[in-house]
Structure formats: C-alpha cells, structure tokens
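Beneath this line is the structure, given in structure tokens, with notes to follow.
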Amino acid sequence: MEPGEGPGPLGLHGDEEIIEVVELGPLGPDDLAEEMEDVDFEDEGAEEPDAEAWDSEDDEGLEDGMEAQDDSEVTFSLHSASVFCVSLDPKTNTLAVTGGEDDKAFVWRVSDGELLFECSGHKDSVTCAGFSHDSVFVATGDMSGLIKVWRVDAKEEVWSFEVGDLEWMEWHPQAHVLLAGTADGNTWMWKIPSGDCKTFQGPACPATCGRILPDGKRAVVGYEDGTMRIWDLKQGISLHVLKGQDGHQDPLTCVASNQDGSLIMTGSVDCHAKLVNSATGKVVCVFKMESVTSKAPIGEGEEAESNSVESLGFCNVMPLAAVGYLDGTLAIYDLSTQSLRHKCQHESGIVQLLWEESSAVVYTCSLDGAVRLWDARSGKMISEYRGHSAEILDFAVNKDASIVVTTSGDHQAKVFCVQRPDR
C-alpha cells in the first residue's frame, strides 16, 4: 500500500510540491477573503463551549446484541428505527440534531437528552441534518429530497424545498447558505430563509458527496461516475474537473479539505484516496489500499465489493491524513513523504472518522458498535467506548474533544464523555 509512483497522473504532477502542509485540519470555518456578491455573510465567531455538567443516566434497555457494556452518559431513545445522522450546534455544542429511518428528526439537549422540539413533516428517512454556522438554524433533509429549515430559538419551520433524491447536505461555514447534492447530478445552493437559489449541473449521475471549502467561495463535489468538480459558488462555473485517469474508477464516497483549503482529498469505492491541489486541480498523489483479503477467505463474487474508502480527513496540527476503509483498516498517511505511517486494524468496517481539532488524535466509529480514539503519532489505540447493541451509523465530536455523540441501528443516540476537556 503505497502512494502512486512513476509517470502519469498517479504520480507527482509537474512541479507540484506539498509545501503548505503545516496547518492541516478538518474542514472548519475560515475567514472569508471577500464576500460573495449575492450572499450576506455573517461573521460571528463561535463561542467556546463551557464544560458540561453531566447527568448520568442508567440505560438498561439495550436490545439483545453485541454489547451489554454501556459506557455512555446519556441515551436519547425517541427514535423508533435506525438513527442515520447527528450534528452538534457549532456555537455552544450543547444541542444535537438526529435524523432517522422513522422519518423523524429531533433537536435535543446533549447534557441530559431532553427534547427541545421535533422537526416534523418528513415522509421518508431523514438522512441529513445540521446546524448553521451560528446555530441560528437547523436543516433536516430526507431521502426523497424534502429539505426543511427550522429556527432553533423559535422552534419553528422557516423554509422548505423539495429536490430530487437527496445524497448530501451541508451548511456554508460563514453564511446562512445551504448546499445539497441530489441523485440527478445537480448541486443546489439556497440562501436561507429567502430561498434564493442556484444550481450547479454535474454529469447525469448522482452527486454522491460534497464539501464547501474553507474560503466559502468554492465547493468540491464528487460523483458516481468517478469524477470530481471544484465549483465557483459565486460564478456558478466549474473551475476544475478530475475525470478519466485523474478521476476515480468507481463512485466517490467522501471528500475532505485541509484547514486552509489548499488540499482536497477524495475517497472512492475503488479503494483509492487522491490528494488534489485545489488551486490547480492537479492530483498531487494517490494513496492505494492493497486489494488483498488474505485475512479471510474470499467469497464468490464478493471480492470487488469487499473494500472501499468510507471516510477521510486531515489532521490540524501535523501533516497527516487519515483514511477509513470498509474492511476495518484505518490508514494514517504522512503527507510530507506521501507514505503510509500507520495501519490500525478494526474488527469490522469503519463508518466514519473525525480528527480532534487541536491534536493528532483521530476518532473512528465502526460496524461493531464501538467508538475508538487513536494516537496518529504512534498508531496506538488510546481508548474504546461501547454501549450500542448495533452498528454506529454516524457520530460527532464537540470542540474541546470531551464528548462524542453517536447514532446507531439500535434506534438510539448516545453521549459518551471521552476525556477531560483539558487533555
């Protein structure tokens, strides 16, 4: 498993050098260089969260399943089916929004699981949910393409819109602007709550993943045909397109950006993670996962689908990137040398990974129902938290890395106190 070498698009392109890799990090708000013409940016700094006073809650209602052990502090149990998504409010980190297969979304308090309000009216599984950058609004989107926005303090719906089948949704890092990708290949952008709209037309296949870059003026979108586009949100034009050998051979599953937006990483069903210079649109290097399944017998007709990149992200404090695979491998890559640094094996597939904001610690959640913390410098596991009786489907980490909120196929969301806020 090594980065692509030799001539051609899989190696280093021309004189591309990885120079600005001292401040890499997960996607987060960054100061805008200038405002987009038709969008009012609200540059409100997010407040630092206060340490939570935790109310312990015994949860003995676990289903028959993988774990009787429960390390969680709080359990939210209002969903009646699998809980697909969770987000924390960026301003205070005291509220969570969860969406599930029961066609419901709830906004609730992290400290004690108290329900604030239900985001009602969805008629299909709620697969996307998130707060605006200043926690004023919360958006919920279901698989059928119905998107609703609620004002948090008033607990009331302020806007809704229906698009094609929804693939992903994300708030702008500095403005009340919402972006969403749909199965018809379009990416939609709305100003909230006015509803002013733009569309970015991709290929005639699903826009499977997307991310607004930290400058707030560009977005990267991945597609089912293996292509990736960087869009200018103001002009509505495609700045760069990666396709053919430069693109992926299979659908994209995830995209990420470093803290200043200079580097993008794309992940795909083809098990490759590509590092891209966002200014030039050139592939800097390719991290390949060996497609060997020696640790288990290969089932007939299953080899092609035995692995894929499921999640990835950049470290904020070291030139490192993490890639999580469906076969349970967490790969830590050194961006300076474009080489594999550590390989951390999980018992089952990785669903998602997140980096701590201010350290080289990466979190993973997996199909075995556990959350794990890994030291990316040593490759060793720091700790493990269990409590779900089914696979974890999504999770979020608060700013000071003291709590993790998880959602699961066991119909529950849980809050884990993972470490001291001053760690």
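Chain identifiers are assigned as A, B, and so on, following the order in which chains appear in the structure tokens; residues are numbered from 1 within each chain, and ligands are numbered from 1 in order of appearance.
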Give me the residues near Val241 of chain A as a PyMOL selection string, where near means some atom within 8 Å (using only C-alpha atoms) and where sequence neighbours in that chain fewer than 6 positions away do not count. chain A and resi 227-230+281
Give me a file of those residues, with all heavy atoms, as a JSON list (two decimals), in the first residue's frame.
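The resulting file, selection01.json, is shown below:
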[["chain", "number", "residue", "atom", "x", "y", "z"],
["A", 227, "THR", "N", -15.93, 11.10, -11.26],
["A", 227, "THR", "CA", -15.39, 12.44, -11.49],
["A", 227, "THR", "C", -15.53, 13.30, -10.25],
["A", 227, "THR", "O", -16.32, 13.02, -9.35],
["A", 227, "THR", "CB", -16.10, 13.14, -12.67],
["A", 227, "THR", "OG1", -17.49, 13.31, -12.34],
["A", 227, "THR", "CG2", -15.97, 12.33, -13.94],
["A", 228, "MET", "N", -14.73, 14.36, -10.21],
["A", 228, "MET", "CA", -14.79, 15.34, -9.14],
["A", 228, "MET", "C", -14.72, 16.73, -9.76],
["A", 228, "MET", "O", -13.96, 16.96, -10.69],
["A", 228, "MET", "CB", -13.62, 15.13, -8.16],
["A", 228, "MET", "CG", -13.64, 16.06, -6.95],
["A", 228, "MET", "SD", -12.78, 17.61, -7.23],
["A", 228, "MET", "CE", -11.09, 17.11, -6.96],
["A", 229, "ARG", "N", -15.54, 17.63, -9.26],
["A", 229, "ARG", "CA", -15.54, 19.00, -9.76],
["A", 229, "ARG", "C", -15.36, 19.99, -8.62],
["A", 229, "ARG", "O", -15.90, 19.80, -7.53],
["A", 229, "ARG", "CB", -16.86, 19.32, -10.49],
["A", 229, "ARG", "CG", -16.97, 18.73, -11.87],
["A", 229, "ARG", "CD", -18.41, 18.81, -12.41],
["A", 229, "ARG", "NE", -18.49, 18.51, -13.84],
["A", 229, "ARG", "CZ", -18.43, 17.30, -14.36],
["A", 229, "ARG", "NH1", -18.27, 16.24, -13.56],
["A", 229, "ARG", "NH2", -18.50, 17.11, -15.68],
["A", 230, "ILE", "N", -14.59, 21.04, -8.88],
["A", 230, "ILE", "CA", -14.48, 22.16, -7.96],
["A", 230, "ILE", "C", -15.28, 23.30, -8.56],
["A", 230, "ILE", "O", -15.00, 23.75, -9.68],
["A", 230, "ILE", "CB", -13.01, 22.58, -7.73],
["A", 230, "ILE", "CG1", -12.21, 21.41, -7.14],
["A", 230, "ILE", "CG2", -12.95, 23.80, -6.80],
["A", 230, "ILE", "CD1", -10.73, 21.69, -6.98],
["A", 281, "GLY", "N", -6.13, 22.07, -9.44],
["A", 281, "GLY", "CA", -6.94, 20.93, -9.83],
["A", 281, "GLY", "C", -6.12, 19.71, -10.19],
["A", 281, "GLY", "O", -6.65, 18.73, -10.72]]
Could you name the residues that touch segment 373-375 of chain A at 6 Å or less, counting only C-alpha atoms, but leaving out those on the same chain fewer than 6 positions away, as a ChimeraX atom specification? /A:361-363,381-383
Kindly export the residues of the current selection with C-alpha atoms, as a PDB file, in the first residue's frame.
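File selection09.pdb, as written:
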ATOM      1  CA  VAL A 361      -5.985  12.134  17.771  1.00  0.00           C
ATOM      2  CA  VAL A 362      -8.388  10.549  15.324  1.00  0.00           C
ATOM      3  CA  TYR A 363     -11.780   9.039  16.241  1.00  0.00           C
ATOM      4  CA  MET A 381      -5.424   2.977  20.304  1.00  0.00           C
ATOM      5  CA  ILE A 382      -5.962   5.365  23.229  1.00  0.00           C
ATOM      6  CA  SER A 383      -9.398   4.197  24.337  1.00  0.00           C
TER       7      SER A 383
END
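Neighbours of Thr266 of chain A closer than or equal to 10 Å, with only C-alpha atoms counted and sequence neighbours fewer than 6 positions away skipped, come out as Cys209, Gly210, Val220, Val221, Gly222, Met228, Gly247, His248, Leu252, Thr253, Cys254, Val255, Ala256, Ser257, His272, Ala273, Lys274, Leu275, Val276, Val286, Val309, Ser311, Leu312, Gly313 and Val323 of chain A.
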Pick from A:Val269, A:Val418, A:Ile264, A:Leu166: nearest to Gly185 of chain A, with only C-alpha atoms counted?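 Distance minimum relative to Gly185 of chain A lands on A:Leu166.
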Determine the nearest neighbour of Asn258 of chain A from the options A:Phe314, A:Trp108, A:Phe395, A:Trp355, counting only C-alpha atoms. A:Phe314
Please give the complete set of residues from segment 96-269 of chain A that DSSP, run on the backbone, assigns to strand (DSSP E), formatted as an MDAnalysis selection string. chainID A and resid 96:100 105:109 115:118 126:131 137:142 146:151 156:162 166:171 177:182 186:191 197:201 207:212 218:223 228:232 237:242 252:257 263:268
Asn398 of chain A environment, 9 Å, only C-alpha atoms, sequence neighbours closer than 2 positions dropped, as a ChimeraX atom specification: /A:49,88-90,93-94,356,396,400-405
Restricting the output to C-alpha atoms, write the selected residues as a short mmCIF file (atom, residue, chain, number, x, y, z; two decimals), in the first residue's frame.
data_model
loop_
_atom_site.label_atom_id
_atom_site.label_comp_id
_atom_site.auth_asym_id
_atom_site.auth_seq_id
_atom_site.Cartn_x
_atom_site.Cartn_y
_atom_site.Cartn_z
CA PRO A 49 -18.23 25.74 24.95
CA LEU A 88 -23.87 19.30 17.18
CA ASP A 89 -24.68 23.00 17.22
CA PRO A 90 -21.39 24.82 16.45
CA ASN A 93 -22.08 22.37 21.43
CA THR A 94 -24.99 21.90 23.82
CA GLU A 356 -9.68 16.26 17.09
CA ALA A 396 -19.96 13.94 16.18
CA ASP A 400 -12.96 20.61 23.25
CA ALA A 401 -12.96 16.88 22.49
CA SER A 402 -14.67 15.95 25.76
CA ILE A 403 -17.79 14.29 24.38
CA VAL A 404 -18.84 12.13 21.43
CA VAL A 405 -22.45 11.79 20.31
#
To one decimal place in Å, what is the distance between atom CA of His122 of chain A and atom CA of Phe200 of chain A?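 Computing it gives 25.3 Å between the two atoms.
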For a test of reading the model, state the distance in Å between atom CA of Lys104 of chain A and atom CA of Ala139 of chain A, rounded to one decimal.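 So the two atoms, atom CA of Lys104 of chain A and atom CA of Ala139 of chain A, lie 12.6 Å apart.
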So which residues touch Arg109 of chain A within 12 Å, counting only C-alpha atoms, skipping near sequence neighbours fewer than 4 positions away, as number ranges by chain? A: 52, 54-55, 74-76, 87-89, 92-98, 113-117, 405, 413-415
Provide the atom CA of Gly324 of chain A to atom CA of Cys128 of chain A distance in Å, to one decimal place.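 That distance, rounded to one decimal, is 20.6 Å.
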List as an MDAnalysis selection string the protein and nucleic acid residues near Gly130 of chain A, meaning an atom at most 12 Å away when only C-alpha atoms are counted, but skip any in the same chain fewer than 6 places from it. chainID A and resid 85:90 95:99 105:107 119 136:141 147:150 152 168:173 178:180 396
Can you write out the residues you just picked, keeping N, CA and C atoms, as a tab-separated table (two decimals), in the first residue's frame?
chain	number	residue	atom	x	y	z
A	85	CYS	N	-28.13	10.00	11.28
A	85	CYS	CA	-27.24	11.17	11.25
A	85	CYS	C	-27.34	11.97	12.54
A	86	VAL	N	-26.25	12.66	12.86
A	86	VAL	CA	-26.21	13.53	14.03
A	86	VAL	C	-25.28	14.70	13.76
A	87	SER	N	-25.64	15.86	14.29
A	87	SER	CA	-24.76	17.04	14.26
A	87	SER	C	-24.91	17.78	15.59
A	88	LEU	N	-23.84	18.45	16.00
A	88	LEU	CA	-23.87	19.30	17.18
A	88	LEU	C	-23.94	20.76	16.76
A	89	ASP	N	-24.61	21.59	17.59
A	89	ASP	CA	-24.68	23.00	17.22
A	89	ASP	C	-23.30	23.62	17.41
A	90	PRO	N	-22.78	24.34	16.40
A	90	PRO	CA	-21.39	24.82	16.45
A	90	PRO	C	-21.14	25.88	17.51
A	95	LEU	N	-26.45	21.37	21.92
A	95	LEU	CA	-27.62	20.78	21.27
A	95	LEU	C	-27.19	19.80	20.19
A	96	ALA	N	-27.99	18.76	20.03
A	96	ALA	CA	-27.76	17.80	18.96
A	96	ALA	C	-29.02	17.71	18.12
A	97	VAL	N	-28.85	17.41	16.82
A	97	VAL	CA	-29.97	17.08	15.96
A	97	VAL	C	-29.71	15.70	15.40
A	98	THR	N	-30.72	14.84	15.45
A	98	THR	CA	-30.58	13.49	14.92
A	98	THR	C	-31.73	13.22	13.96
A	99	GLY	N	-31.45	12.42	12.93
A	99	GLY	CA	-32.46	12.03	11.96
A	99	GLY	C	-32.43	10.54	11.73
A	105	ALA	N	-36.88	13.73	12.81
A	105	ALA	CA	-35.67	14.39	13.26
A	105	ALA	C	-36.00	15.13	14.55
A	106	PHE	N	-35.06	15.10	15.49
A	106	PHE	CA	-35.27	15.72	16.79
A	106	PHE	C	-34.08	16.62	17.13
A	107	VAL	N	-34.38	17.75	17.77
A	107	VAL	CA	-33.34	18.59	18.36
A	107	VAL	C	-33.43	18.40	19.87
A	119	CYS	N	-38.52	18.05	14.44
A	119	CYS	CA	-38.57	18.62	13.09
A	119	CYS	C	-39.54	17.77	12.29
A	136	VAL	N	-28.17	29.36	14.55
A	136	VAL	CA	-29.49	30.00	14.47
A	136	VAL	C	-30.51	29.07	13.82
A	137	PHE	N	-30.07	28.35	12.77
A	137	PHE	CA	-30.97	27.47	12.03
A	137	PHE	C	-30.51	26.02	12.12
A	138	VAL	N	-31.46	25.11	11.95
A	138	VAL	CA	-31.13	23.70	11.80
A	138	VAL	C	-31.87	23.21	10.55
A	139	ALA	N	-31.16	22.46	9.71
A	139	ALA	CA	-31.74	21.93	8.48
A	139	ALA	C	-31.84	20.42	8.58
A	140	THR	N	-32.95	19.87	8.06
A	140	THR	CA	-33.14	18.43	8.02
A	140	THR	C	-33.55	18.05	6.60
A	141	GLY	N	-32.99	16.95	6.10
A	141	GLY	CA	-33.31	16.52	4.75
A	141	GLY	C	-33.59	15.03	4.71
A	147	ILE	N	-36.36	19.07	2.03
A	147	ILE	CA	-35.44	19.74	2.95
A	147	ILE	C	-36.22	20.80	3.72
A	148	LYS	N	-36.04	20.82	5.03
A	148	LYS	CA	-36.73	21.79	5.89
A	148	LYS	C	-35.70	22.51	6.75
A	149	VAL	N	-35.92	23.80	6.97
A	149	VAL	CA	-35.05	24.59	7.86
A	149	VAL	C	-35.90	25.16	8.97
A	150	TRP	N	-35.37	25.05	10.18
A	150	TRP	CA	-36.08	25.48	11.39
A	150	TRP	C	-35.24	26.54	12.11
A	152	VAL	N	-33.98	27.73	15.48
A	152	VAL	CA	-33.81	26.96	16.71
A	152	VAL	C	-34.49	27.63	17.90
A	168	TRP	N	-26.58	14.36	-0.11
A	168	TRP	CA	-25.83	15.01	0.99
A	168	TRP	C	-26.30	16.45	1.12
A	169	MET	N	-25.98	17.05	2.26
A	169	MET	CA	-26.39	18.42	2.54
A	169	MET	C	-25.38	19.04	3.49
A	170	GLU	N	-25.06	20.33	3.28
A	170	GLU	CA	-24.09	20.99	4.16
A	170	GLU	C	-24.34	22.49	4.22
A	171	TRP	N	-24.17	23.04	5.42
A	171	TRP	CA	-24.25	24.49	5.60
A	171	TRP	C	-22.94	25.16	5.19
A	172	HIS	N	-23.04	26.40	4.74
A	172	HIS	CA	-21.88	27.23	4.47
A	172	HIS	C	-21.17	27.56	5.79
A	173	PRO	N	-19.84	27.61	5.81
A	173	PRO	CA	-19.13	27.84	7.08
A	173	PRO	C	-19.26	29.24	7.66
A	178	LEU	N	-27.21	27.13	2.27
A	178	LEU	CA	-27.29	25.68	2.36
A	178	LEU	C	-26.98	25.07	1.00
A	179	LEU	N	-26.16	24.03	0.99
A	179	LEU	CA	-25.79	23.32	-0.23
A	179	LEU	C	-26.28	21.89	-0.12
A	180	ALA	N	-26.73	21.32	-1.24
A	180	ALA	CA	-27.19	19.93	-1.24
A	180	ALA	C	-26.93	19.30	-2.60
A	396	ALA	N	-20.48	12.58	16.17
A	396	ALA	CA	-19.96	13.94	16.18
A	396	ALA	C	-19.13	14.13	17.45
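Take the candidates A:Gln352, A:Ile212, A:Thr199, A:Glu224 and check each one against Glu167 of chain A using only C-alpha atoms; the shortest distance goes to A:Glu224.
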Quick one: everything within 12 Å of Gly369 of chain A, counting only C-alpha atoms, minus sequence neighbours fewer than 2 positions away in the same chain. Send it as a PDB file with N, CA, C and O atoms, in the first residue's frame.
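Done, and the output landed in around.pdb:
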ATOM      1  N   GLY A  65     -27.921  -8.010  21.645  1.00  0.00           N
ATOM      2  CA  GLY A  65     -26.993  -7.622  20.592  1.00  0.00           C
ATOM      3  C   GLY A  65     -25.575  -7.799  21.022  1.00  0.00           C
ATOM      4  O   GLY A  65     -25.269  -8.623  21.873  1.00  0.00           O
ATOM      5  N   MET A  66     -24.716  -6.948  20.441  1.00  0.00           N
ATOM      6  CA  MET A  66     -23.302  -7.200  20.597  1.00  0.00           C
ATOM      7  C   MET A  66     -22.750  -6.856  21.978  1.00  0.00           C
ATOM      8  O   MET A  66     -21.814  -7.460  22.425  1.00  0.00           O
ATOM      9  N   GLU A  67     -23.305  -5.846  22.641  1.00  0.00           N
ATOM     10  CA  GLU A  67     -22.674  -5.410  23.877  1.00  0.00           C
ATOM     11  C   GLU A  67     -23.681  -5.185  25.001  1.00  0.00           C
ATOM     12  O   GLU A  67     -24.685  -4.520  24.809  1.00  0.00           O
ATOM     13  N   ALA A  68     -23.392  -5.733  26.190  1.00  0.00           N
ATOM     14  CA  ALA A  68     -24.172  -5.394  27.375  1.00  0.00           C
ATOM     15  C   ALA A  68     -23.542  -4.191  28.062  1.00  0.00           C
ATOM     16  O   ALA A  68     -24.201  -3.461  28.788  1.00  0.00           O
ATOM     17  N   GLN A  69     -22.241  -4.001  27.836  1.00  0.00           N
ATOM     18  CA  GLN A  69     -21.497  -2.895  28.430  1.00  0.00           C
ATOM     19  C   GLN A  69     -22.016  -1.575  27.882  1.00  0.00           C
ATOM     20  O   GLN A  69     -22.294  -1.443  26.699  1.00  0.00           O
ATOM     21  N   ASP A  70     -22.179  -0.583  28.758  1.00  0.00           N
ATOM     22  CA  ASP A  70     -22.604   0.741  28.300  1.00  0.00           C
ATOM     23  C   ASP A  70     -21.769   1.813  28.986  1.00  0.00           C
ATOM     24  O   ASP A  70     -21.916   2.076  30.170  1.00  0.00           O
ATOM     25  N   ASP A  71     -20.890   2.424  28.207  1.00  0.00           N
ATOM     26  CA  ASP A  71     -20.014   3.475  28.728  1.00  0.00           C
ATOM     27  C   ASP A  71     -20.608   4.869  28.587  1.00  0.00           C
ATOM     28  O   ASP A  71     -19.960   5.851  28.940  1.00  0.00           O
ATOM     29  N   HIS A 346      -9.366  -2.547  12.582  1.00  0.00           N
ATOM     30  CA  HIS A 346     -10.590  -2.701  13.351  1.00  0.00           C
ATOM     31  C   HIS A 346     -11.177  -4.078  13.081  1.00  0.00           C
ATOM     32  O   HIS A 346     -10.900  -4.688  12.052  1.00  0.00           O
ATOM     33  N   GLU A 347     -12.036  -4.511  13.995  1.00  0.00           N
ATOM     34  CA  GLU A 347     -12.678  -5.820  13.828  1.00  0.00           C
ATOM     35  C   GLU A 347     -13.675  -5.807  12.672  1.00  0.00           C
ATOM     36  O   GLU A 347     -13.941  -6.838  12.061  1.00  0.00           O
ATOM     37  N   SER A 348     -14.257  -4.643  12.413  1.00  0.00           N
ATOM     38  CA  SER A 348     -15.246  -4.550  11.332  1.00  0.00           C
ATOM     39  C   SER A 348     -15.137  -3.184  10.669  1.00  0.00           C
ATOM     40  O   SER A 348     -14.332  -2.342  11.076  1.00  0.00           O
ATOM     41  N   GLY A 349     -15.964  -2.972   9.664  1.00  0.00           N
ATOM     42  CA  GLY A 349     -15.824  -1.812   8.799  1.00  0.00           C
ATOM     43  C   GLY A 349     -15.921  -0.476   9.513  1.00  0.00           C
ATOM     44  O   GLY A 349     -16.716  -0.296  10.442  1.00  0.00           O
ATOM     45  N   ILE A 350     -15.126   0.482   9.057  1.00  0.00           N
ATOM     46  CA  ILE A 350     -15.172   1.845   9.585  1.00  0.00           C
ATOM     47  C   ILE A 350     -16.276   2.605   8.857  1.00  0.00           C
ATOM     48  O   ILE A 350     -16.356   2.592   7.625  1.00  0.00           O
ATOM     49  N   VAL A 351     -17.140   3.248   9.628  1.00  0.00           N
ATOM     50  CA  VAL A 351     -18.240   4.017   9.057  1.00  0.00           C
ATOM     51  C   VAL A 351     -17.816   5.470   8.844  1.00  0.00           C
ATOM     52  O   VAL A 351     -18.095   6.077   7.819  1.00  0.00           O
ATOM     53  N   GLN A 352     -17.140   6.024   9.837  1.00  0.00           N
ATOM     54  CA  GLN A 352     -16.732   7.429   9.758  1.00  0.00           C
ATOM     55  C   GLN A 352     -15.523   7.651  10.654  1.00  0.00           C
ATOM     56  O   GLN A 352     -15.299   6.918  11.625  1.00  0.00           O
ATOM     57  N   THR A 364     -12.733   6.984  15.401  1.00  0.00           N
ATOM     58  CA  THR A 364     -13.421   6.159  14.410  1.00  0.00           C
ATOM     59  C   THR A 364     -14.668   5.552  15.040  1.00  0.00           C
ATOM     60  O   THR A 364     -14.701   5.264  16.239  1.00  0.00           O
ATOM     61  N   CYS A 365     -15.700   5.373  14.225  1.00  0.00           N
ATOM     62  CA  CYS A 365     -16.834   4.551  14.647  1.00  0.00           C
ATOM     63  C   CYS A 365     -17.000   3.465  13.605  1.00  0.00           C
ATOM     64  O   CYS A 365     -16.685   3.651  12.432  1.00  0.00           O
ATOM     65  N   SER A 366     -17.472   2.308  14.055  1.00  0.00           N
ATOM     66  CA  SER A 366     -17.465   1.169  13.144  1.00  0.00           C
ATOM     67  C   SER A 366     -18.711   0.310  13.300  1.00  0.00           C
ATOM     68  O   SER A 366     -19.549   0.524  14.174  1.00  0.00           O
ATOM     69  N   LEU A 367     -18.794  -0.682  12.422  1.00  0.00           N
ATOM     70  CA  LEU A 367     -19.967  -1.544  12.372  1.00  0.00           C
ATOM     71  C   LEU A 367     -20.080  -2.463  13.586  1.00  0.00           C
ATOM     72  O   LEU A 367     -21.106  -3.096  13.794  1.00  0.00           O
ATOM     73  N   VAL A 371     -16.788   3.172  19.500  1.00  0.00           N
ATOM     74  CA  VAL A 371     -16.036   4.382  19.153  1.00  0.00           C
ATOM     75  C   VAL A 371     -14.623   4.202  19.683  1.00  0.00           C
ATOM     76  O   VAL A 371     -14.432   3.793  20.837  1.00  0.00           O
ATOM     77  N   ARG A 372     -13.641   4.495  18.841  1.00  0.00           N
ATOM     78  CA  ARG A 372     -12.247   4.334  19.261  1.00  0.00           C
ATOM     79  C   ARG A 372     -11.459   5.611  19.020  1.00  0.00           C
ATOM     80  O   ARG A 372     -11.692   6.307  18.035  1.00  0.00           O
ATOM     81  N   GLU A 384     -11.471   3.055  24.009  1.00  0.00           N
ATOM     82  CA  GLU A 384     -12.597   2.481  23.267  1.00  0.00           C
ATOM     83  C   GLU A 384     -13.846   2.636  24.113  1.00  0.00           C
ATOM     84  O   GLU A 384     -13.812   2.459  25.328  1.00  0.00           O
ATOM     85  N   TYR A 385     -14.950   3.005  23.446  1.00  0.00           N
ATOM     86  CA  TYR A 385     -16.214   3.219  24.162  1.00  0.00           C
ATOM     87  C   TYR A 385     -17.308   2.410  23.485  1.00  0.00           C
ATOM     88  O   TYR A 385     -17.462   2.443  22.265  1.00  0.00           O
ATOM     89  N   ARG A 386     -18.084   1.700  24.317  1.00  0.00           N
ATOM     90  CA  ARG A 386     -19.164   0.869  23.806  1.00  0.00           C
ATOM     91  C   ARG A 386     -20.465   1.181  24.529  1.00  0.00           C
ATOM     92  O   ARG A 386     -20.461   1.794  25.589  1.00  0.00           O
ATOM     93  N   GLY A 387     -21.556   0.722  23.966  1.00  0.00           N
ATOM     94  CA  GLY A 387     -22.862   0.949  24.569  1.00  0.00           C
ATOM     95  C   GLY A 387     -23.994   0.650  23.611  1.00  0.00           C
ATOM     96  O   GLY A 387     -25.123   0.392  24.032  1.00  0.00           O
ATOM     97  N   HIS A 388     -23.713   0.689  22.319  1.00  0.00           N
ATOM     98  CA  HIS A 388     -24.748   0.378  21.328  1.00  0.00           C
ATOM     99  C   HIS A 388     -24.833  -1.127  21.097  1.00  0.00           C
ATOM    100  O   HIS A 388     -23.832  -1.845  21.166  1.00  0.00           O
ATOM    101  N   SER A 389     -26.030  -1.583  20.786  1.00  0.00           N
ATOM    102  CA  SER A 389     -26.235  -3.007  20.509  1.00  0.00           C
ATOM    103  C   SER A 389     -26.323  -3.272  19.013  1.00  0.00           C
ATOM    104  O   SER A 389     -26.714  -4.347  18.576  1.00  0.00           O
ATOM    105  N   ALA A 390     -25.966  -2.273  18.209  1.00  0.00           N
ATOM    106  CA  ALA A 390     -25.919  -2.435  16.756  1.00  0.00           C
ATOM    107  C   ALA A 390     -24.832  -1.504  16.231  1.00  0.00           C
ATOM    108  O   ALA A 390     -24.161  -0.802  16.997  1.00  0.00           O
ATOM    109  N   GLU A 391     -24.660  -1.491  14.923  1.00  0.00           N
ATOM    110  CA  GLU A 391     -23.601  -0.681  14.306  1.00  0.00           C
ATOM    111  C   GLU A 391     -23.832   0.813  14.563  1.00  0.00           C
ATOM    112  O   GLU A 391     -24.959   1.283  14.656  1.00  0.00           O
ATOM    113  N   ILE A 392     -22.727   1.549  14.692  1.00  0.00           N
ATOM    114  CA  ILE A 392     -22.807   3.013  14.768  1.00  0.00           C
ATOM    115  C   ILE A 392     -22.854   3.546  13.343  1.00  0.00           C
ATOM    116  O   ILE A 392     -22.062   3.149  12.484  1.00  0.00           O
ATOM    117  N   LEU A 393     -23.801   4.447  13.069  1.00  0.00           N
ATOM    118  CA  LEU A 393     -24.015   4.944  11.714  1.00  0.00           C
ATOM    119  C   LEU A 393     -23.475   6.357  11.503  1.00  0.00           C
ATOM    120  O   LEU A 393     -23.194   6.760  10.383  1.00  0.00           O
ATOM    121  N   ASP A 394     -23.333   7.117  12.583  1.00  0.00           N
ATOM    122  CA  ASP A 394     -22.779   8.472  12.479  1.00  0.00           C
ATOM    123  C   ASP A 394     -22.334   8.902  13.870  1.00  0.00           C
ATOM    124  O   ASP A 394     -22.787   8.344  14.877  1.00  0.00           O
ATOM    125  N   PHE A 395     -21.448   9.895  13.923  1.00  0.00           N
ATOM    126  CA  PHE A 395     -21.075  10.439  15.227  1.00  0.00           C
ATOM    127  C   PHE A 395     -20.525  11.846  15.052  1.00  0.00           C
ATOM    128  O   PHE A 395     -20.192  12.282  13.955  1.00  0.00           O
ATOM    129  N   THR A 406     -23.176   9.669  19.367  1.00  0.00           N
ATOM    130  CA  THR A 406     -23.259   8.617  18.342  1.00  0.00           C
ATOM    131  C   THR A 406     -24.709   8.300  18.011  1.00  0.00           C
ATOM    132  O   THR A 406     -25.605   8.499  18.827  1.00  0.00           O
ATOM    133  N   THR A 407     -24.928   7.789  16.787  1.00  0.00           N
ATOM    134  CA  THR A 407     -26.240   7.272  16.413  1.00  0.00           C
ATOM    135  C   THR A 407     -26.061   5.861  15.874  1.00  0.00           C
ATOM    136  O   THR A 407     -25.010   5.519  15.338  1.00  0.00           O
ATOM    137  N   SER A 408     -27.117   5.059  15.991  1.00  0.00           N
ATOM    138  CA  SER A 408     -26.931   3.632  15.737  1.00  0.00           C
ATOM    139  C   SER A 408     -28.174   2.985  15.140  1.00  0.00           C
ATOM    140  O   SER A 408     -29.286   3.520  15.193  1.00  0.00           O
ATOM    141  N   GLY A 409     -27.936   1.794  14.597  1.00  0.00           N
ATOM    142  CA  GLY A 409     -29.026   0.948  14.120  1.00  0.00           C
ATOM    143  C   GLY A 409     -29.886   0.399  15.239  1.00  0.00           C
ATOM    144  O   GLY A 409     -30.913  -0.232  14.979  1.00  0.00           O
ATOM    145  N   ASP A 410     -29.484   0.627  16.492  1.00  0.00           N
ATOM    146  CA  ASP A 410     -30.295   0.144  17.624  1.00  0.00           C
ATOM    147  C   ASP A 410     -31.389   1.145  18.031  1.00  0.00           C
ATOM    148  O   ASP A 410     -31.993   1.009  19.092  1.00  0.00           O
ATOM    149  N   GLN A 412     -31.057   4.244  18.849  1.00  0.00           N
ATOM    150  CA  GLN A 412     -30.679   5.168  19.915  1.00  0.00           C
ATOM    151  C   GLN A 412     -29.542   6.098  19.483  1.00  0.00           C
ATOM    152  O   GLN A 412     -28.769   5.799  18.568  1.00  0.00           O
ATOM    153  N   ALA A 413     -29.471   7.227  20.171  1.00  0.00           N
ATOM    154  CA  ALA A 413     -28.301   8.102  20.121  1.00  0.00           C
ATOM    155  C   ALA A 413     -27.720   8.130  21.525  1.00  0.00           C
ATOM    156  O   ALA A 413     -28.467   8.074  22.514  1.00  0.00           O
ATOM    157  N   LYS A 414     -26.407   8.174  21.619  1.00  0.00           N
ATOM    158  CA  LYS A 414     -25.758   8.146  22.930  1.00  0.00           C
ATOM    159  C   LYS A 414     -24.690   9.232  23.036  1.00  0.00           C
ATOM    160  O   LYS A 414     -24.079   9.622  22.037  1.00  0.00           O
TER     161      LYS A 414
END
